[in-house]
>>> print(open('my_file_18.txt').read())   # compact mmCIF, C-alpha atoms
# COMPACT_ATOMS: atom_id res chain seq x y z
CA MET Z 22 160.72 73.74 130.63
CA PRO Z 23 162.27 71.18 132.98
CA ASP Z 24 166.02 70.82 132.78
CA GLY Z 25 167.05 67.76 130.78
CA ILE Z 26 169.41 65.06 131.96
CA ILE Z 27 172.34 64.56 129.63
CA SER Z 28 175.76 62.99 129.81
CA LEU Z 29 178.62 65.19 131.00
CA TYR Z 30 180.20 64.70 127.59
CA ASP Z 31 177.23 66.45 125.96
CA LEU Z 32 177.32 69.44 128.30
CA PRO Z 33 178.08 72.37 125.97
CA VAL Z 34 181.08 74.57 126.70
CA GLY Z 35 180.08 77.50 128.90
CA ARG Z 36 177.15 75.69 130.49
CA SER Z 37 176.84 74.19 133.94
CA GLY Z 38 175.12 71.11 135.22
CA VAL Z 39 174.51 69.30 138.49
CA VAL Z 40 175.65 65.69 138.70
CA SER Z 41 172.64 63.39 139.03
CA SER Z 42 174.31 59.99 138.83
CA ILE Z 43 177.61 58.28 138.06
CA HIS Z 44 177.53 55.08 136.04
CA ALA Z 45 181.22 54.30 136.07
CA ASP Z 46 182.36 51.50 138.35
CA GLY Z 47 185.48 50.23 140.05
CA LEU Z 48 188.53 52.44 140.07
CA THR Z 49 187.11 55.01 137.66
CA ARG Z 50 184.13 55.55 139.95
CA ARG Z 51 186.38 55.74 142.98
CA ARG Z 52 188.65 58.25 141.27
CA MET Z 53 185.73 60.43 140.16
CA MET Z 54 184.31 60.51 143.67
CA ASP Z 55 187.74 61.30 145.12
CA LEU Z 56 187.89 64.30 142.82
CA GLY Z 57 184.65 65.52 144.35
CA LEU Z 58 182.36 64.36 141.55
CA VAL Z 59 179.39 63.11 143.56
CA PRO Z 60 175.66 63.55 142.95
CA GLY Z 61 174.70 67.16 143.61
CA THR Z 62 178.06 68.58 142.54
CA MET Z 63 177.99 71.57 140.20
CA VAL Z 64 180.13 71.05 137.08
CA HIS Z 65 181.00 73.69 134.53
CA ALA Z 66 182.12 72.77 130.99
CA LEU Z 67 185.23 74.85 130.30
CA ARG Z 68 186.59 73.82 126.90
CA HIS Z 69 187.38 70.90 124.65
CA SER Z 70 190.48 69.83 122.92
CA PRO Z 71 190.45 70.27 119.11
CA ALA Z 72 189.12 66.76 118.54
CA GLY Z 73 186.45 67.15 121.22
CA ASP Z 74 188.07 64.49 123.39
CA PRO Z 75 189.14 65.03 126.16
CA LYS Z 76 187.01 67.85 127.56
CA ALA Z 77 187.88 70.04 130.52
CA PHE Z 78 185.49 70.70 133.38
CA LYS Z 79 185.61 72.89 136.44
CA ILE Z 80 184.77 70.78 139.48
CA ARG Z 81 184.91 72.23 142.99
CA GLY Z 82 187.53 74.80 142.10
CA ALA Z 83 189.76 72.48 140.10
CA VAL Z 84 190.02 71.99 136.33
CA ILE Z 85 189.74 68.32 135.44
CA ALA Z 86 189.86 66.70 132.00
CA PHE Z 87 187.81 63.64 131.17
CA ARG Z 88 188.02 61.36 128.18
CA ARG Z 89 184.83 60.77 126.28
CA GLU Z 90 184.41 57.26 127.72
CA GLU Z 91 184.62 58.68 131.24
CA ALA Z 92 182.49 61.77 130.71
CA GLU Z 93 179.73 59.70 129.11
CA LYS Z 94 179.32 57.76 132.32
CA VAL Z 95 178.39 60.84 134.32
CA LEU Z 96 174.85 62.12 133.99
CA VAL Z 97 174.15 65.77 134.73
CA GLU Z 98 171.08 67.92 134.94
CA MET Z 99 171.76 70.95 132.81
CA ARG Z 100 171.16 74.33 134.35
CA GLU Z 101 169.06 76.76 132.33
CA GLU Z 102 170.85 80.01 132.92
CA ARG Z 103 174.37 80.86 131.88
CA ASP Z 104 176.69 82.00 134.64
CA MET Y 23 198.52 60.50 138.86
CA GLY Y 24 197.50 57.09 137.78
CA LEU Y 25 201.03 55.74 137.72
CA THR Y 26 200.90 51.98 137.78
CA TYR Y 27 203.35 49.37 138.92
CA ARG Y 28 204.09 48.73 135.27
CA SER Y 29 205.16 52.30 134.59
CA SER Y 30 207.23 52.72 137.74
CA GLY Y 31 208.74 49.28 138.06
CA PHE Y 32 207.97 46.57 140.54
CA GLY Y 33 210.69 47.59 142.96
CA THR Y 34 209.25 50.96 143.95
CA ASN Y 35 207.09 49.84 146.81
CA ARG Y 36 208.84 46.79 148.17
CA THR Y 37 209.63 48.32 151.51
CA ASP Y 38 206.14 48.94 152.82
CA PHE Y 39 206.84 48.13 156.47
CA PHE Y 40 210.09 49.97 156.44
CA ARG Y 41 210.17 52.69 159.04
CA GLY Y 42 213.19 54.45 157.71
CA SER Y 43 216.92 54.63 157.66
CA SER Y 44 219.16 53.53 160.49
CA THR Y 45 219.84 56.91 162.10
CA LYS Y 46 217.94 57.50 165.29
CA ALA Y 47 214.91 59.72 165.51
CA ASP Y 48 212.68 60.40 168.48
CA PHE Y 49 209.58 60.78 166.36
CA VAL Y 50 208.57 59.83 162.82
CA VAL Y 51 206.34 62.35 161.08
CA ALA Y 52 204.62 61.66 157.77
CA LEU Y 53 203.77 64.41 155.31
CA ALA Y 54 200.68 63.67 153.21
CA GLY Y 55 198.50 65.78 150.95
CA ASN Y 56 196.95 66.26 147.55
CA PRO Y 57 199.31 66.78 144.62
CA ASN Y 58 200.62 70.31 144.27
CA THR Y 59 199.73 71.60 147.73
CA GLY Y 60 203.33 72.40 148.63
CA LYS Y 61 204.24 69.27 150.60
CA SER Y 62 207.79 69.30 149.30
CA THR Y 63 208.07 73.02 150.05
CA VAL Y 64 207.01 72.35 153.65
CA PHE Y 65 209.45 69.44 153.73
CA ASN Y 66 212.35 71.56 152.53
CA ALA Y 67 211.50 74.49 154.80
CA LEU Y 68 211.51 72.20 157.86
CA THR Y 69 214.49 70.03 157.04
CA GLY Y 70 216.63 72.58 155.23
CA LEU Y 71 217.06 70.06 152.43
CA LYS Y 72 216.72 70.84 148.78
CA GLN Y 73 214.49 68.10 147.63
CA HIS Y 74 213.17 68.75 144.19
CA THR Y 75 210.00 70.83 144.13
CA GLY Y 76 208.06 71.26 140.98
CA ASN Y 77 204.64 71.69 139.60
CA TRP Y 78 203.82 68.38 138.03
CA PRO Y 79 202.04 65.31 139.24
CA GLY Y 80 203.89 62.24 140.38
CA LYS Y 81 207.08 64.10 141.24
CA THR Y 82 207.47 62.39 144.60
CA VAL Y 83 206.69 58.79 143.72
CA LEU Y 84 208.99 57.42 146.34
CA ARG Y 85 209.23 58.78 149.82
CA ALA Y 86 211.83 61.37 150.64
CA GLU Y 87 213.15 61.56 154.18
CA GLY Y 88 214.73 64.33 156.19
CA ARG Y 89 215.29 65.34 159.76
CA TYR Y 90 214.83 68.38 161.95
CA ILE Y 91 215.38 69.11 165.61
CA TYR Y 92 212.80 70.86 167.79
CA ARG Y 93 212.79 71.24 171.60
CA GLY Y 94 215.85 68.99 171.64
CA MET Y 95 214.04 66.12 169.93
CA VAL Y 96 214.87 64.64 166.55
CA PHE Y 97 211.96 64.44 164.15
CA LYS Y 98 212.22 62.35 161.02
CA LEU Y 99 210.02 63.76 158.31
CA VAL Y 100 208.81 61.46 155.53
CA ASP Y 101 207.48 63.21 152.43
CA LEU Y 102 204.81 60.99 150.87
CA PRO Y 103 203.69 61.21 147.26
CA GLY Y 104 200.76 63.54 146.59
CA THR Y 105 197.40 61.80 146.29
CA TYR Y 106 193.74 62.79 146.15
CA SER Y 107 192.77 59.64 147.94
CA LEU Y 108 194.18 56.58 149.67
CA LEU Y 109 191.76 54.19 148.04
CA ALA Y 110 192.03 54.14 144.25
CA GLY Y 111 195.15 52.01 144.03
CA SER Y 112 197.81 53.84 142.02
CA VAL Y 113 201.44 53.40 143.09
CA GLU Y 114 201.52 56.75 144.90
CA GLU Y 115 198.42 55.87 146.86
CA GLN Y 116 199.85 52.48 147.79
CA VAL Y 117 203.04 54.09 149.06
CA ALA Y 118 201.15 56.71 151.07
CA LYS Y 119 198.58 54.27 152.44
CA ASP Y 120 201.08 51.56 153.40
CA PHE Y 121 203.26 54.05 155.19
CA LEU Y 122 200.40 55.66 157.11
CA CYS Y 123 199.01 52.29 158.14
CA PHE Y 124 202.04 50.06 158.60
CA GLY Y 125 204.82 52.61 159.05
CA LYS Y 126 202.90 53.90 162.08
CA PRO Y 127 204.21 57.47 162.12
CA ASP Y 128 204.00 59.27 165.47
CA ALA Y 129 202.24 62.13 163.74
CA THR Y 130 200.96 62.82 160.25
CA VAL Y 131 200.81 66.27 158.72
CA VAL Y 132 198.13 66.55 156.06
CA VAL Y 133 198.99 69.51 153.85
CA VAL Y 134 195.86 71.00 152.30
CA ASP Y 135 195.53 73.71 149.68
CA ALA Y 136 193.79 76.75 151.19
CA THR Y 137 192.51 77.79 147.76
CA CYS Y 138 190.81 74.45 147.16
CA LEU Y 139 189.98 73.32 150.67
CA GLU Y 140 186.80 71.38 149.94
CA ARG Y 141 188.45 68.92 147.60
CA ASN Y 142 191.52 68.53 149.84
CA LEU Y 143 189.47 67.56 152.88
CA ASN Y 144 188.58 64.22 151.27
CA LEU Y 145 192.13 63.02 151.83
CA ALA Y 146 192.27 64.61 155.29
CA LEU Y 147 189.21 62.61 156.35
CA GLN Y 148 190.65 59.42 154.90
CA VAL Y 149 193.88 59.93 156.84
CA LEU Y 150 191.87 60.58 160.02
CA GLU Y 151 190.25 57.16 159.54
CA ILE Y 152 193.69 55.52 159.67
CA THR Y 153 195.35 57.50 162.42
CA PRO Y 154 194.14 60.01 165.02
CA ARG Y 155 197.55 61.67 165.34
CA VAL Y 156 197.09 64.26 162.64
CA VAL Y 157 197.94 67.93 162.20
CA ILE Y 158 196.25 69.78 159.35
CA CYS Y 159 198.59 72.22 157.61
CA VAL Y 160 196.49 74.69 155.63
CA ASN Y 161 199.12 75.80 153.15
CA LEU Y 162 199.12 78.50 150.47
CA VAL Y 163 197.18 80.93 152.69
CA ASP Y 164 198.98 83.76 150.90
CA GLU Y 165 197.46 82.65 147.60
CA ALA Y 166 194.06 82.23 149.24
CA ARG Y 167 194.26 85.78 150.58
CA ARG Y 168 195.03 87.01 147.09
CA LYS Y 169 191.95 85.18 145.85
CA LYS Y 170 189.97 86.77 148.70
CA ILE Y 171 189.21 83.44 150.32
CA HIS Y 172 188.49 83.75 154.02
CA LEU Y 173 189.70 80.86 156.19
CA ASP Y 174 188.37 80.00 159.62
CA ILE Y 175 191.22 77.80 160.85
CA LYS Y 176 189.84 77.58 164.38
CA SER Y 177 186.50 76.13 163.24
CA LEU Y 178 188.29 73.76 160.87
CA ALA Y 179 190.35 72.39 163.76
CA GLU Y 180 187.23 72.05 165.90
CA GLU Y 181 185.27 70.26 163.17
CA LEU Y 182 188.07 67.82 162.39
CA GLY Y 183 189.07 67.35 166.02
CA VAL Y 184 192.79 67.79 165.33
CA PRO Y 185 195.08 70.85 165.36
CA ALA Y 186 195.09 72.98 162.21
CA VAL Y 187 197.77 75.53 161.34
CA ALA Y 188 197.75 78.14 158.56
CA THR Y 189 201.02 78.34 156.66
CA ALA Y 190 202.62 79.95 153.65
CA ALA Y 191 205.56 77.57 153.43
CA ARG Y 192 207.25 79.42 150.59
CA ASP Y 193 207.86 82.39 152.91
CA GLY Y 194 208.28 80.26 156.02
CA HIS Y 195 205.13 81.76 157.51
CA GLY Y 196 203.42 79.65 160.20
CA LEU Y 197 206.03 76.89 160.24
CA ASP Y 198 206.97 77.58 163.87
CA ARG Y 199 203.38 76.89 164.90
CA LEU Y 200 203.32 73.80 162.68
CA VAL Y 201 206.40 72.18 164.28
CA SER Y 202 205.07 73.00 167.74
CA ALA Y 203 201.68 71.37 166.94
CA VAL Y 204 203.45 68.34 165.43
CA ALA Y 205 205.61 67.98 168.56
CA ASP Y 206 202.53 68.16 170.79
CA VAL Y 207 200.66 65.52 168.79
CA ALA Y 208 203.66 63.20 168.32
CA SER Y 209 204.62 63.27 171.98
CA GLY Y 210 201.00 62.81 173.08
CA ARG Y 211 200.84 66.19 174.84
CA ILE Y 212 197.78 66.95 172.76
CA ARG Y 213 195.16 64.22 172.58
CA THR Y 214 193.19 64.55 169.38
CA SER Y 215 189.56 63.55 168.94
CA PRO Y 216 189.29 63.10 165.18
CA CYS Y 217 185.91 63.33 163.54
CA VAL Y 218 184.70 59.96 162.32
CA VAL Y 219 182.84 59.62 159.05
CA ARG Y 220 179.67 57.59 159.61
CA TYR Y 221 178.45 55.54 156.69
CA SER Y 222 175.00 54.22 155.82
CA GLY Y 223 173.25 51.83 158.21
CA ALA Y 224 174.10 48.61 156.38
CA ILE Y 225 177.80 49.45 156.23
CA GLU Y 226 177.97 50.46 159.89
CA GLU Y 227 176.21 47.23 160.85
CA ALA Y 228 178.72 45.17 158.90
CA VAL Y 229 181.61 47.11 160.46
CA LEU Y 230 180.15 46.40 163.90
CA LYS Y 231 180.16 42.69 163.09
CA ILE Y 232 183.70 42.30 161.80
CA GLU Y 233 185.58 44.99 163.71
CA PRO Y 234 185.89 43.02 166.99
CA ARG Y 235 187.41 40.07 165.12
CA ILE Y 236 189.89 42.33 163.38
CA ARG Y 237 190.83 43.88 166.70
CA GLU Y 238 191.55 40.38 168.03
CA LEU Y 239 193.94 39.86 165.14
CA VAL Y 240 195.84 43.11 164.95
CA GLY Y 241 195.31 44.44 168.45
CA SER Y 242 195.44 48.19 168.85
CA GLU Y 243 198.31 48.48 166.38
CA PHE Y 244 196.11 49.64 163.52
CA SER Y 245 192.73 51.24 163.21
CA SER Y 246 190.45 48.21 163.21
CA ARG Y 247 187.56 50.32 161.92
CA TRP Y 248 189.59 51.36 158.92
CA LEU Y 249 190.67 47.78 158.20
CA ALA Y 250 187.05 46.64 158.52
CA LEU Y 251 185.98 49.25 156.00
CA ARG Y 252 188.72 48.18 153.58
CA LEU Y 253 187.71 44.54 153.88
CA LEU Y 254 184.11 45.50 153.12
CA ASP Y 255 185.47 47.49 150.20
CA GLY Y 256 187.15 44.31 148.91
CA ASP Y 257 190.50 46.13 148.87
CA ARG Y 258 192.85 43.29 147.95
CA ALA Y 259 196.01 45.36 148.39
CA VAL Y 260 195.16 46.02 152.03
CA ILE Y 261 194.21 42.40 152.63
CA SER Y 262 197.53 41.15 151.27
CA ALA Y 263 199.44 43.84 153.19
CA VAL Y 264 197.75 42.70 156.42
CA ASN Y 265 198.54 39.07 155.62
CA ARG Y 266 202.19 39.95 155.06
CA TRP Y 267 202.20 41.91 158.31
CA LEU Y 268 200.72 38.99 160.22
CA ALA Y 269 203.24 36.59 158.65
CA ARG Y 270 206.01 38.91 159.71
CA GLU Y 271 204.69 39.06 163.25
CA GLU Y 272 204.59 35.27 163.37
CA LYS Y 273 208.15 35.07 162.19
CA ALA Y 274 209.12 37.49 164.91
CA GLY Y 275 207.72 35.01 167.40
CA ARG Y 276 204.60 36.87 168.44
CA VAL Y 277 201.43 34.88 168.90
CA THR Y 278 198.72 35.82 166.49
CA GLY Y 279 195.56 33.80 166.09
CA GLY Y 280 193.05 33.22 163.35
CA GLU Y 281 193.23 34.49 159.85
CA ILE Y 282 191.71 37.25 157.83
CA LEU Y 283 188.82 36.04 155.73
CA ALA Y 284 188.01 38.26 152.82
>>> encode(input="my_file_18.txt", output="structure tokens")
Amino acid sequence: MPDGIISLYDLPVGRSGVVSSIHADGLTRRRMMDLGLVPGTMVHALRHSPAGDPKAFKIRGAVIAFRREEAEKVLVEMREERD
Amino acid sequence: MGLTYRSSGFGTNRTDFFRGSSTKADFVVALAGNPNTGKSTVFNALTGLKQHTGNWPGKTVLRAEGRYIYRGMVFKLVDLPGTYSLLAGSVEEQVAKDFLCFGKPDATVVVVDATCLERNLNLALQVLEITPRVVICVNLVDEARRKKIHLDIKSLAEELGVPAVATAARDGHGLDRLVSAVADVASGRIRTSPCVVRYSGAIEEAVLKIEPRIRELVGSEFSSRWLALRLLDGDRAVISAVNRWLAREEKAGRVTGGEILA
């Protein structure tokens, strides 16, 4: 089965994905790229807050939280295996 | 991060061309880095001051200044707020960017976190675009060792084209080599050859077109390549800062021609 492309927000906790595209623009886009979130970057979903928003992700060795509206603008290709 | 002018007040960044207090210093050294890499710890270790250190973002919104003496020369150290970037436009980034560009420090120390080097190098490369006089301070090497991270400082320095020094500022480890590298870079004893990030063809072409005109305007005072890139980026804050700088130069009686078209 090919890996599906989903939004970062939908990446289940414990799973990893590789960023395929970023659909945010302006300062949000700039900020994401400054944090190392560029196409090809491996992202691991760590946990969510009780309400499911924000969610925390491990990106290049740092834990970063995104609100739903931000995480939905990042598309990732989910990796099959758990790590 | 993400502090805005509204949350910090309009007065915080009024003094962007301000090079510092009245007391004399032979060299001005800026201290830049990501948040929480130990910039303030380095600052305190060098100056002997007790500026507040703490583990939360936005602690150093304004610049802190201190002084130290090395080889009989007075170095003024300016602790800039921690930022991941110089481009996204929060107050901290404005302060850091304006000082690096318009404050024209004689040397800039970029403090990077040895445990998270990859992400920290983004800022290091951005600083290298503004000024070639940079020393990379790879801090927290003690923590990196604990996490079994191996660091090749020599290769890092070669790749970036500027001196790099490993430090554990909390224990004072490596600071002697840091001040010596800073003195060499600030006094011009070491000539750095910083690595330049090349962008895609269209961007480089556009830079090639506008850079000579920018150089005519600002001379060799600032990195014309960096200003060209910011203009292409549509960075209004930089455009207005340059306009203010040019206005100030005119007031001071210097001849400047043309105007910046954005």
>>> residues_around(input="my_file_18.txt", residues="Glu233 (chain Y)", least_positions_apart="6", cutoff="12 Å", atoms="all atoms listed in the file", output="list in words")
Ile225, Glu226, Glu227, Leu239, Val240, Gly241, Ser242, Phe244, Ser245, Ser246, Arg247, Trp248, Leu249, Ala250, Leu251, Arg252, Leu253, Leu254 and Ile282 of chain Y
>>> residues_around(input="my_file_18.txt", residues="region 65-80 of chain Z", least_positions_apart="5", cutoff="7 Å", atoms="all atoms listed in the file", output="ChimeraX atom specification")
/Z:32-38,85-89
>>> write_last_selection(input="my_file_18.txt", atoms="C-alpha atoms", output="compact mmCIF listing (two decimals), in the coordinates of the input")
# COMPACT_ATOMS: atom_id res chain seq x y z
CA LEU Z 32 177.32 69.44 128.30
CA PRO Z 33 178.08 72.37 125.97
CA VAL Z 34 181.08 74.57 126.70
CA GLY Z 35 180.08 77.50 128.90
CA ARG Z 36 177.15 75.69 130.49
CA SER Z 37 176.84 74.19 133.94
CA GLY Z 38 175.12 71.11 135.22
CA ILE Z 85 189.74 68.32 135.44
CA ALA Z 86 189.86 66.70 132.00
CA PHE Z 87 187.81 63.64 131.17
CA ARG Z 88 188.02 61.36 128.18
CA ARG Z 89 184.83 60.77 126.28
>>> axis_aligned_box(input="my_file_18.txt", around="region 26-45 of chain Z", padding_each_side="6 Å", output="AutoDock Vina command-line options")
--center_x 175.3 --center_y 65.9 --center_z 132.5 --size_x 23.8 --size_y 35.2 --size_z 25.1
>>> closest_residue(input="my_file_18.txt", among="Y:Val260, Y:Val96, Y:Cys159, Y:Arg270", to="Val117 (chain Y)", atoms="all atoms listed in the file")
Y:Val260
>>> closest_atom_pairs(input="my_file_18.txt", of="chain Y", to="chain Z", cutoff="7 Å", atoms="all atoms listed in the file", output="CSV")
residue,atom,partner,partner_atom,distance
Y:Tyr106,CA,Z:Asp55,CA,6.3
Y:Ser107,CA,Z:Asp55,CA,6.0
Y:Ala110,CA,Z:Leu48,CA,5.7
Y:Cys138,CA,Z:Gly82,CA,6.0
Y:Arg141,CA,Z:Gly57,CA,6.0
Y:Asn144,CA,Z:Asp55,CA,6.9
>>> residues_around(input="my_file_18.txt", residues="Lys94 (chain Z)", least_positions_apart="6", cutoff="8 Å", atoms="only C-alpha atoms", output="PyMOL selection string")
chain Z and resi 28-29+43-45
>>> atom_distance(input="my_file_18.txt", atom1="CA of Ala224 (chain Y)", atom2="CA of Val97 (chain Z)")
27.6 Å
>>> atom_distance(input="my_file_18.txt", atom1="CA of Arg213 (chain Y)", atom2="CA of Leu122 (chain Y)")
18.4 Å
>>> atom_distance(input="my_file_18.txt", atom1="CA of Leu96 (chain Z)", atom2="CA of Ser42 (chain Z)")
5.3 Å
>>> closest_residue(input="my_file_18.txt", among="Y:Gly60, Y:Gly55, Y:Pro154, Y:Gly104", to="Asp193 (chain Y)", atoms="all atoms listed in the file")
Y:Gly60
>>> closest_residue(input="my_file_18.txt", among="Y:Leu68, Y:Lys170, Y:Ala208, Y:Lys61", to="Pro127 (chain Y)", atoms="all atoms listed in the file")
Y:Ala208
>>> closest_residue(input="my_file_18.txt", among="Y:Ile236, Y:Leu53, Y:Leu147, Y:Ile91", to="Pro103 (chain Y)", atoms="all atoms listed in the file")
Y:Leu53
>>> residues_around(input="my_file_18.txt", residues="Thr137 (chain Y)", least_positions_apart="4", cutoff="10 Å", atoms="all atoms listed in the file", output="PyMOL selection string")
(chain Z and resi 82-83) or (chain Y and resi 59+141-142+160-173)
>>> residues_around(input="my_file_18.txt", residues="Met95 (chain Y)", least_positions_apart="3", cutoff="9 Å", atoms="all atoms listed in the file", output="PDB file with C-alpha atoms, keeping the file's coordinate frame")
ATOM      1  CA  ALA Y  47     214.910  59.720 165.510  1.00  0.00           C
ATOM      2  CA  ASP Y  48     212.680  60.400 168.480  1.00  0.00           C
ATOM      3  CA  PHE Y  49     209.580  60.780 166.360  1.00  0.00           C
ATOM      4  CA  TYR Y  90     214.830  68.380 161.950  1.00  0.00           C
ATOM      5  CA  ILE Y  91     215.380  69.110 165.610  1.00  0.00           C
ATOM      6  CA  TYR Y  92     212.800  70.860 167.790  1.00  0.00           C
ATOM      7  CA  ALA Y 205     205.610  67.980 168.560  1.00  0.00           C
TER       8      ALA Y 205
END
